[in-house]
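**Q** Just so it is clear, I am handing over input-v3.txt, which has compact mmCIF, C-alpha atoms.
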# COMPACT_ATOMS: atom_id res chain seq x y z
CA MET I 1 -42.66 124.83 33.41
CA ARG I 2 -44.38 124.86 30.02
CA VAL I 3 -43.94 121.83 27.76
CA LEU I 4 -44.63 121.70 24.04
CA ILE I 5 -45.20 118.13 22.80
CA CYS I 6 -44.68 117.27 19.14
CA ALA I 7 -45.95 113.80 18.25
CA GLY I 8 -48.43 112.26 15.87
CA GLY I 9 -49.31 110.33 12.78
CA THR I 10 -49.26 106.86 14.34
CA GLY I 11 -49.70 105.28 17.73
CA GLY I 12 -45.97 104.53 17.82
CA GLY I 13 -45.23 108.19 18.51
CA ILE I 14 -48.47 109.25 20.19
CA TYR I 15 -48.75 106.68 22.98
CA PRO I 16 -45.25 107.18 24.43
CA ALA I 17 -45.84 110.94 24.44
CA LEU I 18 -49.17 110.45 26.23
CA ALA I 19 -47.45 108.31 28.85
CA ALA I 20 -44.82 111.01 29.36
CA ALA I 21 -47.53 113.69 29.61
CA THR I 22 -49.26 111.69 32.34
CA GLU I 23 -46.03 111.51 34.34
CA LEU I 24 -45.37 115.21 33.84
CA GLN I 25 -48.76 115.95 35.35
CA LYS I 26 -47.99 113.66 38.29
CA ALA I 27 -44.83 115.76 38.78
CA GLY I 28 -46.97 118.89 39.12
CA ILE I 29 -47.28 120.33 35.62
CA VAL I 30 -50.89 121.36 35.04
CA PRO I 31 -52.62 120.51 31.74
CA GLU I 32 -52.76 124.20 30.83
CA ASP I 33 -48.96 124.23 30.71
CA ILE I 34 -48.83 121.43 28.14
CA LEU I 35 -49.55 122.05 24.46
CA TRP I 36 -49.50 119.33 21.82
CA ILE I 37 -48.74 119.96 18.14
CA GLY I 38 -49.99 117.28 15.77
CA THR I 39 -50.99 116.82 12.16
CA LYS I 40 -54.42 117.67 10.85
CA GLY I 41 -56.55 114.61 10.08
CA GLU I 42 -54.48 112.10 12.08
CA MET I 43 -55.35 109.99 15.13
CA GLU I 44 -53.94 112.50 17.61
CA GLU I 45 -57.03 114.63 16.92
CA THR I 46 -58.98 112.00 18.86
CA LEU I 47 -56.46 110.72 21.40
CA VAL I 48 -54.97 113.98 22.68
CA PRO I 49 -58.25 115.77 23.61
CA ARG I 50 -59.44 112.48 25.16
CA ALA I 51 -56.44 112.78 27.49
CA GLY I 52 -57.52 116.28 28.51
CA LEU I 53 -54.72 118.09 26.67
CA LYS I 54 -54.91 121.02 24.28
CA LEU I 55 -54.03 120.23 20.67
CA GLU I 56 -52.95 122.46 17.80
CA THR I 57 -52.57 120.97 14.32
CA ILE I 58 -50.53 121.82 11.26
CA SER I 59 -50.77 120.42 7.76
CA GLY I 60 -48.49 117.66 6.57
CA GLY I 61 -48.21 114.01 5.65
CA ALA I 62 -45.87 111.09 5.25
CA ILE I 63 -42.57 111.60 3.47
CA ALA I 64 -41.18 108.08 3.81
CA GLY I 65 -42.80 105.08 2.19
CA VAL I 66 -45.00 107.01 -0.25
CA SER I 67 -44.86 107.74 -3.97
CA LEU I 68 -42.72 110.60 -5.26
CA PRO I 69 -45.72 112.83 -6.16
CA LEU I 70 -47.18 112.37 -2.67
CA LYS I 71 -43.76 112.89 -1.10
CA LEU I 72 -43.44 116.24 -2.92
CA LYS I 73 -46.99 117.25 -2.04
CA ASN I 74 -46.60 116.43 1.65
CA GLY I 75 -43.19 118.06 1.77
CA ALA I 76 -44.65 121.26 0.38
CA ARG I 77 -47.45 121.16 2.96
CA LEU I 78 -44.94 120.77 5.77
CA ALA I 79 -42.83 123.64 4.47
CA ALA I 80 -45.94 125.81 4.30
CA SER I 81 -46.66 124.94 7.95
CA LEU I 82 -43.50 126.63 9.21
CA PRO I 83 -45.13 130.08 9.72
CA LYS I 84 -47.94 128.53 11.76
CA SER I 85 -45.42 126.53 13.78
CA LEU I 86 -43.56 129.73 14.58
CA ARG I 87 -46.78 131.45 15.65
CA ILE I 88 -47.74 128.56 17.94
CA VAL I 89 -44.33 128.46 19.62
CA ARG I 90 -44.20 132.25 20.05
CA ARG I 91 -47.69 132.31 21.58
CA PHE I 92 -47.21 129.36 23.93
CA ARG I 93 -43.62 130.24 24.99
CA PRO I 94 -42.55 126.73 26.06
CA ASP I 95 -39.57 126.06 28.30
CA VAL I 96 -38.88 122.82 26.44
CA MET I 97 -40.13 120.99 23.38
CA PHE I 98 -40.54 117.21 23.67
CA MET I 99 -40.73 115.21 20.45
CA THR I 100 -41.30 111.54 19.63
CA GLY I 101 -41.57 112.00 15.86
CA GLY I 102 -44.31 112.41 13.35
CA TYR I 103 -44.91 114.26 10.12
CA MET I 104 -44.68 117.64 11.78
CA ALA I 105 -41.20 117.10 13.25
CA ALA I 106 -39.24 119.29 10.79
CA PRO I 107 -41.26 122.56 10.88
CA VAL I 108 -41.71 122.44 14.66
CA THR I 109 -38.00 121.73 15.15
CA VAL I 110 -37.09 124.69 12.95
CA ALA I 111 -39.50 126.94 14.86
CA CYS I 112 -38.14 125.90 18.27
CA ARG I 113 -34.55 126.20 17.09
CA ALA I 114 -35.19 129.68 15.75
CA LEU I 115 -36.82 130.79 19.00
CA GLY I 116 -34.25 129.22 21.33
CA VAL I 117 -36.46 126.51 22.81
CA PRO I 118 -34.42 123.48 24.00
CA ILE I 119 -35.42 120.18 22.40
CA VAL I 120 -35.70 116.71 23.96
CA ILE I 121 -36.37 113.75 21.68
CA TYR I 122 -37.54 110.28 22.58
CA LEU I 123 -36.87 107.47 20.08
CA PRO I 124 -39.41 104.66 20.55
CA ASP I 125 -37.79 102.46 17.89
CA VAL I 126 -34.23 101.16 18.16
CA GLU I 127 -33.32 103.09 15.01
CA PRO I 128 -34.56 106.68 14.49
CA GLY I 129 -37.42 106.97 12.03
CA ALA I 130 -37.18 109.14 8.93
CA SER I 131 -39.41 111.89 10.33
CA VAL I 132 -37.20 112.63 13.33
CA ARG I 133 -33.70 112.19 11.88
CA PHE I 134 -33.56 115.84 10.82
CA SER I 135 -34.24 116.93 14.40
CA LEU I 136 -31.62 114.79 16.15
CA ARG I 137 -28.75 117.25 15.55
CA PHE I 138 -30.68 119.99 17.36
CA ALA I 139 -31.70 117.98 20.43
CA ARG I 140 -30.15 118.67 23.80
CA LYS I 141 -30.97 115.16 25.05
CA ILE I 142 -32.23 112.02 23.32
CA GLY I 143 -34.13 109.39 25.27
CA ALA I 144 -34.29 105.85 23.92
CA THR I 145 -36.07 102.59 24.59
CA THR I 146 -32.96 100.41 24.41
CA GLU I 147 -29.20 100.58 24.49
CA GLY I 148 -29.23 99.49 20.84
CA THR I 149 -29.93 103.09 19.82
CA ALA I 150 -26.36 104.07 20.78
CA GLN I 151 -25.13 103.19 17.29
CA PHE I 152 -27.45 105.78 15.70
CA VAL I 153 -27.13 108.91 17.88
CA PRO I 154 -24.34 110.92 19.57
CA PRO I 155 -23.47 109.05 22.79
CA HIS I 156 -23.16 112.22 24.87
CA LYS I 157 -26.83 113.02 24.17
CA LEU I 158 -28.25 109.54 24.75
CA VAL I 159 -30.20 108.50 27.86
CA VAL I 160 -31.73 105.00 27.89
CA THR I 161 -35.08 105.53 29.62
CA GLY I 162 -36.93 102.37 28.62
CA TYR I 163 -40.25 102.36 26.80
CA PRO I 164 -42.96 104.47 28.52
CA VAL I 165 -45.82 101.98 28.68
CA ARG I 166 -49.16 103.76 29.11
CA PRO I 167 -50.43 103.72 32.72
CA GLU I 168 -53.66 101.93 31.78
CA LEU I 169 -51.65 99.18 30.07
CA ARG I 170 -49.23 98.90 32.97
CA ALA I 171 -52.19 98.60 35.35
CA ALA I 172 -53.53 95.67 33.33
CA THR I 173 -50.42 93.64 34.13
CA GLN I 174 -51.93 93.23 37.60
CA LEU I 175 -55.13 91.63 36.30
CA SER I 176 -55.57 87.91 36.76
CA LYS I 177 -55.59 86.01 33.49
CA GLU I 178 -59.11 84.81 34.26
CA ALA I 179 -60.35 88.39 34.75
CA ALA I 180 -58.69 89.51 31.52
CA LEU I 181 -60.26 86.65 29.54
CA ALA I 182 -63.65 87.44 31.07
CA ARG I 183 -63.48 90.96 29.57
CA PHE I 184 -63.76 89.26 26.16
CA ASP I 185 -66.13 86.47 27.24
CA LEU I 186 -63.37 83.92 26.71
CA THR I 187 -62.42 81.02 28.96
CA PRO I 188 -59.25 79.76 30.71
CA GLY I 189 -57.71 76.51 29.59
CA ARG I 190 -57.62 77.26 25.87
CA PRO I 191 -54.57 78.92 24.21
CA THR I 192 -55.24 82.57 23.50
CA LEU I 193 -53.80 84.50 20.57
CA PHE I 194 -53.75 88.29 20.39
CA ILE I 195 -53.33 89.41 16.78
CA PHE I 196 -53.09 93.00 15.56
CA GLY I 197 -51.38 95.11 12.94
CA GLY I 198 -51.13 98.63 14.29
CA SER I 199 -53.65 101.46 14.60
CA ARG I 200 -54.53 101.49 10.90
CA GLY I 201 -54.36 97.75 10.46
CA ALA I 202 -52.31 95.36 8.35
CA GLN I 203 -54.12 93.82 5.41
CA LYS I 204 -51.56 91.05 4.88
CA ILE I 205 -51.73 89.95 8.51
CA ASN I 206 -55.53 90.06 8.43
CA ARG I 207 -55.76 88.05 5.22
CA ALA I 208 -53.22 85.47 6.38
CA LEU I 209 -55.20 85.04 9.58
CA MET I 210 -58.50 84.71 7.75
CA GLY I 211 -56.91 82.10 5.50
CA CYS I 212 -56.19 79.79 8.44
CA LEU I 213 -58.87 80.91 10.90
CA PRO I 214 -60.92 77.67 10.85
CA GLU I 215 -57.84 75.60 11.71
CA LEU I 216 -56.77 77.98 14.48
CA LEU I 217 -60.22 78.21 16.01
CA ALA I 218 -60.32 74.42 16.33
CA GLN I 219 -57.66 74.68 19.06
CA THR I 220 -57.33 78.33 20.16
CA GLN I 221 -59.31 81.43 21.02
CA ILE I 222 -58.41 84.68 19.30
CA ILE I 223 -58.61 88.39 20.04
CA HIS I 224 -58.08 90.13 16.70
CA VAL I 225 -57.72 93.89 16.21
CA SER I 226 -57.96 94.44 12.47
CA GLY I 227 -57.38 98.19 12.31
CA THR I 228 -60.01 100.60 11.08
CA GLN I 229 -59.02 100.59 7.41
CA THR I 230 -59.35 96.84 6.98
CA TRP I 231 -62.31 96.23 9.29
CA PRO I 232 -65.03 95.79 6.60
CA GLU I 233 -63.22 92.79 5.10
CA VAL I 234 -62.64 91.23 8.52
CA GLU I 235 -66.23 91.85 9.59
CA ALA I 236 -67.57 90.22 6.43
CA ASN I 237 -65.38 87.18 7.04
CA TRP I 238 -66.59 86.96 10.66
CA GLN I 239 -70.20 86.91 9.53
CA GLY I 240 -69.48 83.81 7.44
CA LEU I 241 -68.14 81.77 10.37
CA SER I 242 -70.14 79.07 12.11
CA ASP I 243 -71.58 79.69 15.56
CA GLU I 244 -69.00 77.34 17.07
CA GLN I 245 -66.16 79.27 15.42
CA LYS I 246 -67.59 82.62 16.53
CA ARG I 247 -67.58 81.29 20.09
CA TRP I 248 -63.76 81.46 20.08
CA TYR I 249 -63.16 84.57 17.96
CA ARG I 250 -63.31 88.23 19.02
CA PRO I 251 -62.61 90.64 16.13
CA TYR I 252 -62.52 94.42 16.65
CA PRO I 253 -61.64 97.34 14.39
CA TYR I 254 -59.81 99.06 17.26
CA LEU I 255 -59.20 98.68 21.00
CA HIS I 256 -58.31 101.45 23.42
CA GLU I 257 -59.45 100.89 27.01
CA GLU I 258 -59.30 97.09 26.70
CA MET I 259 -55.89 96.86 25.02
CA GLY I 260 -54.19 95.99 28.30
CA ALA I 261 -56.70 93.27 29.06
CA ALA I 262 -56.09 91.79 25.60
CA TYR I 263 -52.36 91.59 26.28
CA ARG I 264 -52.97 90.06 29.70
CA ALA I 265 -55.35 87.46 28.27
CA ALA I 266 -52.88 86.35 25.60
CA ASP I 267 -50.40 83.48 25.53
CA LEU I 268 -48.87 84.59 22.22
CA VAL I 269 -48.90 87.84 20.23
CA VAL I 270 -48.85 88.16 16.43
CA ALA I 271 -48.07 91.71 15.30
CA ARG I 272 -45.99 94.14 13.29
CA ALA I 273 -42.66 95.14 14.83
CA GLY I 274 -43.53 98.71 15.74
CA ALA I 275 -41.94 100.46 18.69
CA SER I 276 -44.65 99.42 21.14
CA MET I 277 -43.50 95.80 20.85
CA LEU I 278 -40.25 96.82 22.55
CA GLY I 279 -42.16 97.89 25.67
CA GLU I 280 -45.57 96.30 25.78
CA CYS I 281 -44.67 92.64 25.16
CA PRO I 282 -41.91 92.80 27.82
CA ALA I 283 -44.32 94.43 30.28
CA PHE I 284 -46.67 91.45 29.97
CA GLY I 285 -43.94 88.86 29.49
CA LEU I 286 -45.36 87.83 26.14
CA PRO I 287 -43.68 85.86 23.36
CA ALA I 288 -44.37 87.20 19.90
CA ILE I 289 -44.45 86.39 16.21
CA LEU I 290 -43.33 89.60 14.52
CA ILE I 291 -43.87 90.59 10.88
CA PRO I 292 -41.89 93.77 10.10
CA LEU I 293 -43.77 96.14 7.82
CA ALA I 294 -42.23 95.99 4.34
CA TRP I 295 -42.06 99.74 3.55
CA ALA I 296 -40.79 100.45 7.06
CA TRP I 297 -38.47 97.47 6.75
CA ARG I 298 -35.38 99.13 8.09
CA TYR I 299 -36.59 100.33 11.48
CA GLN I 300 -39.21 97.63 12.09
CA LYS I 301 -36.67 94.97 11.11
CA VAL I 302 -34.19 96.44 13.59
CA ASN I 303 -36.87 96.30 16.31
CA ALA I 304 -37.72 92.70 15.42
CA ASP I 305 -34.06 91.69 15.33
CA TYR I 306 -33.49 93.23 18.77
CA LEU I 307 -36.28 91.11 20.28
CA THR I 308 -35.45 87.98 18.30
CA GLU I 309 -31.77 88.09 19.27
CA ARG I 310 -32.84 88.25 22.93
CA GLY I 311 -35.07 85.22 22.60
CA THR I 312 -38.47 86.85 22.97
CA ALA I 313 -39.76 86.61 19.39
CA VAL I 314 -39.64 84.80 16.06
CA GLN I 315 -40.02 86.54 12.72
CA LEU I 316 -42.00 86.07 9.53
CA THR I 317 -42.16 88.28 6.44
CA ASP I 318 -45.12 89.48 4.41
CA ASP I 319 -43.98 87.17 1.60
CA THR I 320 -43.99 84.05 3.80
CA LEU I 321 -46.93 84.97 6.01
CA ALA I 322 -49.72 83.18 4.15
CA ASP I 323 -47.86 79.86 4.18
CA GLN I 324 -46.04 80.11 7.49
CA LEU I 325 -48.44 81.79 9.94
CA LEU I 326 -50.43 78.67 10.82
CA PRO I 327 -47.48 76.25 11.24
CA THR I 328 -45.48 78.84 13.21
CA ILE I 329 -48.35 79.42 15.65
CA GLN I 330 -48.95 75.68 15.98
CA ARG I 331 -45.25 74.94 16.53
CA LEU I 332 -45.02 77.46 19.37
CA LEU I 333 -48.30 76.51 21.04
CA ASP I 334 -47.27 72.85 20.92
CA ASP I 335 -44.00 73.66 22.70
CA PRO I 336 -44.80 75.07 26.17
CA ALA I 337 -41.13 74.97 27.21
CA THR I 338 -40.13 77.28 24.36
CA LEU I 339 -43.02 79.65 25.10
CA ALA I 340 -41.97 79.74 28.76
CA ARG I 341 -38.37 80.60 27.81
CA MET I 342 -39.56 83.35 25.45
CA SER I 343 -41.83 84.75 28.14
CA ALA I 344 -39.03 84.81 30.72
CA ALA I 345 -36.72 86.50 28.22
CA ALA I 346 -39.35 89.16 27.51
CA ARG I 347 -39.73 89.98 31.20
CA THR I 348 -36.00 90.65 31.54
CA LEU I 349 -36.38 93.49 29.02
CA ASP I 350 -39.15 95.28 30.91
CA LYS I 351 -38.34 98.67 32.41
CA PRO I 352 -41.34 99.53 34.61
CA ASP I 353 -40.12 103.08 35.25
CA GLY I 354 -39.77 104.06 31.57
CA ALA I 355 -42.42 106.79 31.70
CA GLU I 356 -41.03 108.27 34.91
CA ASN I 357 -37.51 108.25 33.48
CA LEU I 358 -38.69 110.09 30.39
CA ALA I 359 -40.56 112.71 32.42
CA ARG I 360 -37.45 113.33 34.52
CA LEU I 361 -35.38 113.78 31.38
CA ILE I 362 -37.82 116.41 30.09
CA LEU I 363 -37.97 118.25 33.42
CA ALA I 364 -34.18 118.32 33.75
CA THR I 365 -33.66 120.06 30.40
Please, can you express the file's structure as structure tokens?
**A**
Amino acid sequence: MRVLICAGGTGGGIYPALAAATELQKAGIVPEDILWIGTKGEMEETLVPRAGLKLETISGGAIAGVSLPLKLKNGARLAASLPKSLRIVRRFRPDVMFMTGGYMAAPVTVACRALGVPIVIYLPDVEPGASVRFSLRFARKIGATTEGTAQFVPPHKLVVTGYPVRPELRAATQLSKEAALARFDLTPGRPTLFIFGGSRGAQKINRALMGCLPELLAQTQIIHVSGTQTWPEVEANWQGLSDEQKRWYRPYPYLHEEMGAAYRAADLVVARAGASMLGECPAFGLPAILIPLAWAWRYQKVNADYLTERGTAVQLTDDTLADQLLPTIQRLLDDPATLARMSAAARTLDKPDGAENLARLILAT
């Protein structure tokens, strides 16, 4: 069986597809029978070859959440990528195309539809993102993280698979907390925060954290992933801290191999409400403070609401973040009973076989 994977742009689409690709290989599909289509210049150009998979790229860019001139420019680039998409699909001759979203969703969908290739879509977020909505009508089956997606897609196509947590993250759930803390040269017995804003970073989260960092470091230890775009500002702030403050603070522009250890070390997560929060926090039984991204308000807010309504998270907004981040963290850390209830609620949402379920859905198409 030959599988064409279409995913890219952000980690929210790439990582679930990588987890599914790993399970497909466990089921006997060799890497040569998997081809990944991504977007030129995006993070899949690093992550997909690192996973030992072949990558082809087309030109494109974001359509949602950008200015009208950029929307028109990127739309034209995607339209111009249709001939290349057709050539790739004709040459590879896949038995199925598996998509999680990304800028390239439309031209690859059109190419596969034209050439009779069946399409399977996985929706990491509760609500479908803008890039993949066009493709939903053409999908034979649609996998989803949660049952909440039923309100957005045809019920006869929907299969709730759970979120496909990456194998290396899932493996880290078996680490002892002490071993996970030791990976970052941190110590047991002090509350540990894990703060991040997505693969590119979140300037508002970073600045709100830096605004209250001295107060937090007086009582906690922090693993902070700033994102690559905002790292220079975070690094400069780190250099101005005292030696005692640096003892309890671990900032990074990006984590890959140690991401699982960071989750396992944490007592509380502060993050955007991207799709990974639906799978990764439950896998580690972690309570969270979620800040939905403003321009992606609709689908990140739906994700955050799903977790909040089930008792695993509380929410802040970008507008309230600077004033409310510190007291919200302090209130939760000072209330172990509430943290324990949030943690237990998170664990009830975990679906350990999400990646296997998704691979079976692809193979059955």
**Q** Report, in Å with one decimal, the straight-line distance from CA of Ile119 in chain I to CA of Glu280 in chain I.
**A**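 Taking CA of Ile119 in chain I as the start and CA of Glu280 in chain I as the end point, the length is 26.2 Å.
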**Q** Report as a list in words all protein, DNA and RNA residues lying within 12 Å of Pro336 in chain I, evaluated on all atoms listed in the file, omitting residues in the same chain fewer than 5 positions from it.
**A**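 Those residues are Pro191, Asp267, Leu268, Pro287, Ile329, Gln330, Arg331, Arg341, Met342 and Ser343 of chain I.
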**Q** Given the selection you just returned, output its residues as a file containing C-alpha atoms, formatted as a PDB file, in the frame of the given file.
**A**
ATOM      1  CA  PRO I 191     -54.570  78.920  24.210  1.00  0.00           C
ATOM      2  CA  ASP I 267     -50.400  83.480  25.530  1.00  0.00           C
ATOM      3  CA  LEU I 268     -48.870  84.590  22.220  1.00  0.00           C
ATOM      4  CA  PRO I 287     -43.680  85.860  23.360  1.00  0.00           C
ATOM      5  CA  ILE I 329     -48.350  79.420  15.650  1.00  0.00           C
ATOM      6  CA  GLN I 330     -48.950  75.680  15.980  1.00  0.00           C
ATOM      7  CA  ARG I 331     -45.250  74.940  16.530  1.00  0.00           C
ATOM      8  CA  ARG I 341     -38.370  80.600  27.810  1.00  0.00           C
ATOM      9  CA  MET I 342     -39.560  83.350  25.450  1.00  0.00           C
ATOM     10  CA  SER I 343     -41.830  84.750  28.140  1.00  0.00           C
TER      11      SER I 343
END
**Q** Can you pull out the residues contacting Lys177 in chain I? Cut-off 8 Å, using all atoms listed in the file, and skip same-chain residues under 4 positions away; I want them as an NGL selection string.
**A** :I and (181 or 188 or 264-265)
**Q** To one decimal place, how far is CA of Gly116 in chain I from CA of Leu86 in chain I in Å?
**A**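 About the pair CA of Gly116 in chain I and CA of Leu86 in chain I: they are 11.5 Å apart.
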**Q** Find the distance between CA of Thr365 in chain I and CA of Leu4 in chain I and write it in Å to one decimal.
**A**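 Straight-line distance from CA of Thr365 in chain I to CA of Leu4 in chain I works out to 12.8 Å.
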**Q** Looking at I:Asp125, I:Val269, I:Ala179, I:Arg140, which one is nearest to Thr192 in chain I, with distances taken over only C-alpha atoms?
**A** I:Val269
**Q** Identify the residues within 10 Å of coordinate (-28.4, 108.7, 12.7) (same frame as the file), considering all atoms listed in the file, and give the answer as a ChimeraX atom specification.
**A** /I:127-130,132-134,136-137,149-154
**Q** Report as a PyMOL selection string all protein, DNA and RNA residues lying within 12 Å of range 345-354 of chain I, evaluated on only C-alpha atoms, omitting residues in the same chain fewer than 2 positions from it.
**A** chain I and resi 16-17+19-20+23+122+124+143-147+159-167+169-171+173+268+276-288+306-313+338-343+356-361
**Q** Just checking: using all atoms listed in the file, which residue out of I:Gly197, I:Pro49, I:Gly12, I:Pro253 ends up closest to Ile289 in chain I?
**A** I:Gly197
**Q** Name the closest residue to Ala202 in chain I among the candidates I:Pro31, I:Gly260, I:Pro214, I:Pro292; distances are taken between atoms, counting only C-alpha atoms.
**A** I:Pro292
**Q** Near Ile5 in chain I, counting all atoms listed in the file, which residues have an atom at most 9 Å away, once you skip same-chain residues fewer than 3 positions from it, shown as a PDB file with C-alpha atoms, in the coordinates of the input?
**A**
ATOM      1  CA  ALA I  17     -45.840 110.940  24.440  1.00  0.00           C
ATOM      2  CA  ALA I  21     -47.530 113.690  29.610  1.00  0.00           C
ATOM      3  CA  ILE I  34     -48.830 121.430  28.140  1.00  0.00           C
ATOM      4  CA  LEU I  35     -49.550 122.050  24.460  1.00  0.00           C
ATOM      5  CA  TRP I  36     -49.500 119.330  21.820  1.00  0.00           C
ATOM      6  CA  ILE I  37     -48.740 119.960  18.140  1.00  0.00           C
ATOM      7  CA  GLY I  38     -49.990 117.280  15.770  1.00  0.00           C
ATOM      8  CA  VAL I  96     -38.880 122.820  26.440  1.00  0.00           C
ATOM      9  CA  MET I  97     -40.130 120.990  23.380  1.00  0.00           C
ATOM     10  CA  PHE I  98     -40.540 117.210  23.670  1.00  0.00           C
ATOM     11  CA  MET I  99     -40.730 115.210  20.450  1.00  0.00           C
ATOM     12  CA  THR I 100     -41.300 111.540  19.630  1.00  0.00           C
TER      13      THR I 100
END
**Q** Need the shell around Glu244 in chain I: protein/DNA/RNA residues with any atom at most 10 Å away, counting all atoms listed in the file. Skip same-chain ones fewer than 5 positions apart. Format as a list in words?
**A**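 In the requested form, the answer reads Leu217, Ala218 and Tyr249 of chain I.
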**Q** Would you compute, for all listed atoms of range 86-105 of chain I, the axis-aligned bounding box grown by 5 Å on each side, and then report its centre and edge lengths in Å rounded to one decimal, as JSON?
**A**
{"center_x": -43.3, "center_y": 121.9, "center_z": 19.2, "size_x": 18.9, "size_y": 30.8, "size_z": 28.2}
**Q** Pick the closest to Ala322 in chain I from I:Ala208, I:Val302, I:Ala364, I:Leu290: which is it, counting all atoms listed in the file?
**A**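 Selected residue with least distance to Ala322 in chain I: I:Ala208.
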